[in-house]
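Undergrad: What follows is a structure written as C-alpha cells; I'll ask about it next.
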Amino acid sequence: MSVCTKMPYRKKLVAKTSCAAAMLLGALSLGISPSFAQDFPEGNISVTIPTGEGGGADRDARSFAQVWNKYLPRNVEFSYYPGAAGQVGYEFYMRGDASPSNLLFSNIGPEVIMLELQDVPVEIGEDIVYIQKTSTEPMAIWVGANSPFETLEQLIEEAKTRPVTISVSRLPHPATIGMLALGEATGAEFNLIPFGGGNPTAMAAITGEVDASALPLANPITFGEEARVLGIFADENPVPDQTNDAPTVNEVAGTDLPPLTSSRAWAVQADAIAENPELIEILKQTMRQTLEDPEYIEAVRASGVPAEFIDPGNQEEAMQEAAETRELAIQYRDLLTGE
Amino acid sequence: MSEKDRPKKPVGADLILPACAAAYALYYVWSVHEFPLEAQLSGAILAGMLLLLVAIYFVRVALGFLAGRYSLGLGDFVGPPASLIGRGIFFLLMLGTLAVVPWLGFTLTTFAFLSVSFLVLGVRPVSRALAVAGTGALTGWLFFIVLLDTNFPEGPFERLVQAVF
Amino acid sequence: MLYELDTLAGLIGHAFSLWWIMIPAIAVGLVAGAVPGFAAHNTIIILLPLTLALDVEVALVFMVALYCASHLGGGVPAILVNIPGTGGAAATTLDGYPMTKKGQAVRALALCFVASVLGGLISAIVTLFALPVLSQVGYYIHSVELVVVMLFGLALIASIAAKDMLKGLIAGAFGLMLGAMGADHIYATPRGTFGFLELFDGVPLVPALIGLFAISEAFVMLEQKTVVSDSDRPTAPPSWGESSREIFNAFRHWWQITWTAILGLVIGVLPGAGASIASFVAYQQSQFFSKTPELFGTGHPQGVIAPESANNGVTTGTLVPLLAIGVPGGSTAAVMMIVLQFHGVPFGPRLFVEQPELAYGVIAAMAVSYILMIPFMFPMVRYMSRVTVISTVYLAPFIVAFTLVGAFVPRGFLFDMSVAVAFGIIGYVARKTGYHVAAILIGVILGPLIERSFLLAMRISNNDPMVLFSSNIGNLLWVLLVLSLALPPATSWWRRRGERTNEIQKGFGDEPR
C-alpha cells in the first residue's frame, strides 16, 4: 500500500477558487456587498514579519492569510526581517509606503517592549497602529518531558537554593518580565538565557540544556508530550485540557502578578489610516470576518495552536494592550537592558 | 645572488588588508564602548587579537624594509597593464549596475551590463556581444522571474511583459 | 526503529513512484545550488506558494529533492570557477579549483558528484535505521560542546594558512571581526554596523560569499584568457568513456566518503550547525587523517571529497530535530515545518505515532532523490567541464551580472548588492596580496555562531569560563581538537628529524673506509 493512501490525517487542499467566486462566497455568506472588497486597490498585499521564517508569527500569518483571501481576494506577499529583537522589521516596514496594502504582522508584547527599550525611531500610535488582534495567549513556564521538575513549587524552591536557568526567546519579552517579577516576589533566582527565537528556546528546554523555559503558551502546546507546562502567567488557565490542567503562577506562588500576555496583531502605518480611512475599514472588516470563519478556526487548530487563543480584539483593545505592555517595559527597563 | 643584489619584494599592497582590518577593529571597539559588558566581550577579545596580529605583521614588514628586503611598491596588484583600462571600466560598469538596477530592473540592467562589458573587454563583432548579452538576460529572466517568480527589481521590461500577458 | 526491511523496501518503492516531482525538483535544485544566492532555503521560500498548493507528501518530496540537489550543485562552480554556490561548498574551492587549474576539471567534478550522491545516500540510509539514536544527539551536544565543534572548523584557518601563517591568521581574525558585526545576542544592541540598519542582523552571508569569491574571482580571471592555462586546456570535450571512467574511479574513495558523510550527518543533527561547519570540519579532519596532508590545497582529490560528502551528509541530519523532536534544526527545516503546519500534519514524536510512513517516507525520498541524481552525473561531468575553456571576457561579466542579483535574493535588499561589491573589493585585495579569502569567509561564517554558543554557555554558567571544560563530551572534543592541531606539526617535525638522522647515518656509511 502506498504511503499516500495510508495517511489518516491527509488533508485535501481546499481548491483555490477564482477571485470572483471567492468574493461572491464572502458576499453570500456574510452579507457584504461584493463591491466592498472590490473597492480595495488591486495588487498584492505586502506583509512584513519582523522575525524569521518558520517561526510562530510566520505560522499564524499564513493560517490567517489562507482564509482572509476569501474576503479580500488579493495575493499576500510575506517578507521576513529578523534582527535586533524585531527592530529591523519595524524600521524596514516604516520605510515602505504608508498604504493599506502594506501591513505588519506583529507580536505586540515583545515588540512593544523592544520599541521602548531600544533606540528605535518608531512610535506606537504616532507612526504605527495595531488595527486588529488575531490571537492572545498568556506566557507560560514549562519544562521538557525528561525534566526532574514536576511542579512549579519544585522549580521555585530549587531557585531559592541555586540560580535556575530559564531559556527565553529574548530579553525584551513579556515572558522574561514574568520570570523577573516572579523572582522578585518569591526570592527565587532565575538566570534568564535569551536563545533568540522560539524554536531554539524550546529546544534548550526539551534537550535539558536549561532547567526550564518561559515562552508564550502556544509553544509548549505545539510540542505535545515533549513539554510539561508548570505555570501560566494569567488569572486562569484558558486551555486546561491541553496543559494537563496546569495552575496559574499566582495560585502556586501566592503572588499577585498581572496577567502577562502577548497578542498577534495586524498593524498599519498611522499615515495610511489618516489618508485612507475607508480602505483601512475594509481591512478591519474583512479581518474580523476571517476571525469568525470556522475555516480559520480549523486552520488555527491544524497548525497546533488552540482555537481558544483566537482573539478578535479591535484597534482600541490592541492599542490598550500596547500601552499596558509599555508600562511594564518601563518598570523593568534596568533589568532588561543590563544598564 | 647576494642579499644586496636580490630584487626587493614589493609589499605596499600587502599592507592594505591589515590596515583596513585594524581600522575596522578600532571602529568596532569604539561602537560598543557604552554597551553592557556581554555585548562588548567578544568584540573586544577579537579586536585585541586582530590588532596584535596586525602589529606583529607591521613589525615584520618594518624589519624587512629596514633590512632592504622589502619595498613599498604595489607589485602585481593591478594585474597586466595591457588590460588595465578595460578592467577598470568593467569595475565602473559594475558600480553603475548598482545605481541603475532599481530603475531599469533586472532584465534590462543585465542586458546593458553584459553587452557594454563584452564590448569594453574586446568581444567583437558587436552583433555577437549584443546577441550573447540578450540571450543571457532573457534566459535569466525566464528562469529567475518567470519560472521561480523571484522578487528581482522590476523595470520597464518586466512591467511591459506583465501588462501584455 | 525501522527494522522491517519489507516496510523499508515499500517506502523506497513508493518514493520512486514520485519520480515525476523529484526530477524537476532536482533540476531546479542543481541550478539553484550552483547560483550563489539561491540555494535550497531561498528557493524553497520563493516556491512556497507552489508547495503549499501541493499535497503534503508531494510537497515534502519536492522540497527534500530540491534541497539535496542544491547541495550537489553548490560544488560545481566551486570547482570550475572558484565560486562556491553555497557556504557549504566554500571548502570545495580549496582543492577543487586547483584541480581545474591543473586541467583536471573532469576528475574533480566526478569526485564532487560521486562524493555528494554517495555521501547523501549513505547518510539517508543511516538515518532510516538510526533515527531514534540520532535524535538523541541534541540531548548531549549543547552550547559548550558546540563551541568546540565550531573550533574544529575554525582550525581550518591554520591549515589553509600554512604558506604564511601570520597572513592567514590576520585574514581569519578579520573575518571573525566582520562576523561579530550586528546586534549582540543578549541585548540586541547594534555593533560595528556603520549605522546601517541592513547590517543589524549581522553580515549577510550570501553577499559576503559572493563578494569574496565570485566578484573578486571575476576580476582576477580577467587577467588571463581562460580559467585554465593554455598548456592545461583540453582541446576537445571529454568522451563519454572518459567521463564514466572518472566517475567509476571516484567510487574507490568510498571509505573517505562514508566517514565524512556520517560526520556531516552528525553535525547536521546539531541545532545551529550546518553544511558550512560540516564541510570545514570534514576537510580539516580529512587532512589530519590523510597520509599526504601536505597535498591538501594543491588540488588533492581528498580535499574535494571531504567537504562535498559532508555537506550532503548534512541534508538528512538537519531534518532529524524536526522529525524527531518537532523543532527545526535549520532554516530549510523551518520552512518545511510551515508546510507541515499548513496541512495540519503533526511533527515531532506525534508524527512517528500518527504518520510514521510520512516521517520515514521523507528520509526514504531523500535517499531516492540521490539515486535519481546518478543519471544527471554523466552529462554534467562531460559538458560542465567545458566552462573552463570559455573565454574570460564572456565568463567574468556573466559571473558579476548573475551573482550580484544573487546577492539581492535572500533578503530582497538592494543594499546587499553593495555589500557584495564591498566584499568583492576585500576579496580582490586578499587574493592579490596572499591573504586567503577562504580564511576570511570561515571567520565570517563561524564568528557569529561561535560567539552565540560561547555567550549562551557563559550566561548559563553565570559567566564562569570553566564551563567550557564542564562536560565529558566537551572535554573529549577538546582533547581531540588539541590533538588534531598539535599532531600534524609534531609528526612532521618527527619525520624531518628521522630523515636528517638517516641522511647523517647514510653520509657516514658512504665515507670511504
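Ligands are numbered from 1 in the order shown, chains are lettered A, B, ... in the order of the C-alpha cells, and residues start at 1 in each chain.
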Write out as a PyMOL selection string every residue belonging to chain B that has an atom at most 6 Å from any atom of chain C, counting only C-alpha atoms.

TA: chain B and resi 14+21+28+31-32+39+50+77+114+121

Undergrad: Would you please extract all helix (DSSP H, G or I) residues from range 49-109 of chain B, as assigned by DSSP on the backbone, and give them as JSON, numbers by chain?

TA: {"B": [49, 50, 51, 52, 53, 54, 55, 56, 57, 58, 59, 60, 61, 62, 63, 64, 65, 66, 81, 82, 83, 84, 85, 86, 87, 88, 89, 90, 91, 92, 93, 94, 95, 96, 97, 98, 99, 100, 101, 102, 103, 104, 105, 106, 107, 108, 109]}

Undergrad: Show me, as a list in words, every residue of chain B with an atom at most 12 Å from chain A, counting only C-alpha atoms.

TA: Glu34, Phe35, Pro36, Leu37, Glu38, Ala39, Asp149, Thr150 and Asn151 of chain B

Undergrad: Near Ala62 in chain B, within 12 Å and counting only C-alpha atoms, which residues show up once chain neighbours fewer than 4 positions away are dropped, as a ChimeraX atom specification?

TA: /B:11-12,15,55-58,66-72

Undergrad: Pick out the residues sitting within 10 Å of Gly344 in chain C, and hand them over as a list of chain:residue names; count only C-alpha atoms, and ignore anything fewer than 3 positions along from it in its own chain.

TA: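 That gives A:Tyr9, A:Arg10, A:Lys11, A:Glu298, A:Ala299, A:Val300, A:Arg301, A:Ala302, A:Ser303, A:Gly304, C:Val56, C:Ile338, C:Val339, C:Leu340, C:Gln341, C:Phe347.
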
Undergrad: Which polymer residues have any atom within 9 Å of an atom of range 126-135 of chain A, counting only C-alpha atoms, with same-chain residues fewer than 6 positions away left out, as an MDAnalysis selection string?

TA: chainID A and resid 60 64 94 104 106 108 262:271 273 280 283:284 287:288 291 307:319 322

Undergrad: If the cut-off is 7 Å, can you tell me the residues of chain A near chain C, counting only C-alpha atoms? I'd like them as a ChimeraX atom specification.

TA: /A:2-3,7,9,11,53-54,59,63,82-85,88,165,171,193-194,199,203,207-209,223,302-303,337

Undergrad: Pick the closest to Trp240 in chain C from C:Phe288, C:Trp478, C:Trp254, C:Phe378: which is it, counting only C-alpha atoms?

TA: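 Going through C:Phe288, C:Trp478, C:Trp254, C:Phe378 one by one, the smallest distance to Trp240 in chain C is for C:Phe378.
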
Undergrad: Report as a list in words all protein, DNA and RNA residues lying within 8 Å of Ile21 in chain C, evaluated on only C-alpha atoms, omitting residues in the same chain fewer than 3 positions from it.

TA: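 Counting only C-alpha atoms, the residues come to Leu18, Pro24, Ala25, Val58, Val61 and Phe62 of chain C.
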
Undergrad: Can you tell me how far CA of Met139 in chain A sits from CA of Pro174 in chain A, in Å to one decimal?

TA: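 Answer for the CA of Met139 in chain A to CA of Pro174 in chain A separation: 7.1 Å.
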
Undergrad: I want to know what sits within 12 Å of Leu104 in chain B, based on only C-alpha atoms, with residues of the same chain fewer than 3 positions away left out; could you give that as a VMD selection string?

TA: chain B and resid 96 to 101 107 to 113 152 to 159

Undergrad: If you measure from CA of Ala34 in chain C to CA of Ala69 in chain C, what distance in Å do you get, rounded to one decimal?

TA: 9.8 Å

Undergrad: Please indicate the distance in Å from CA of Ile26 in chain C to CA of Pro307 in chain C, rounded to one decimal place.

TA: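 If I compute the distance from CA of Ile26 in chain C to CA of Pro307 in chain C, I get 20.2 Å.
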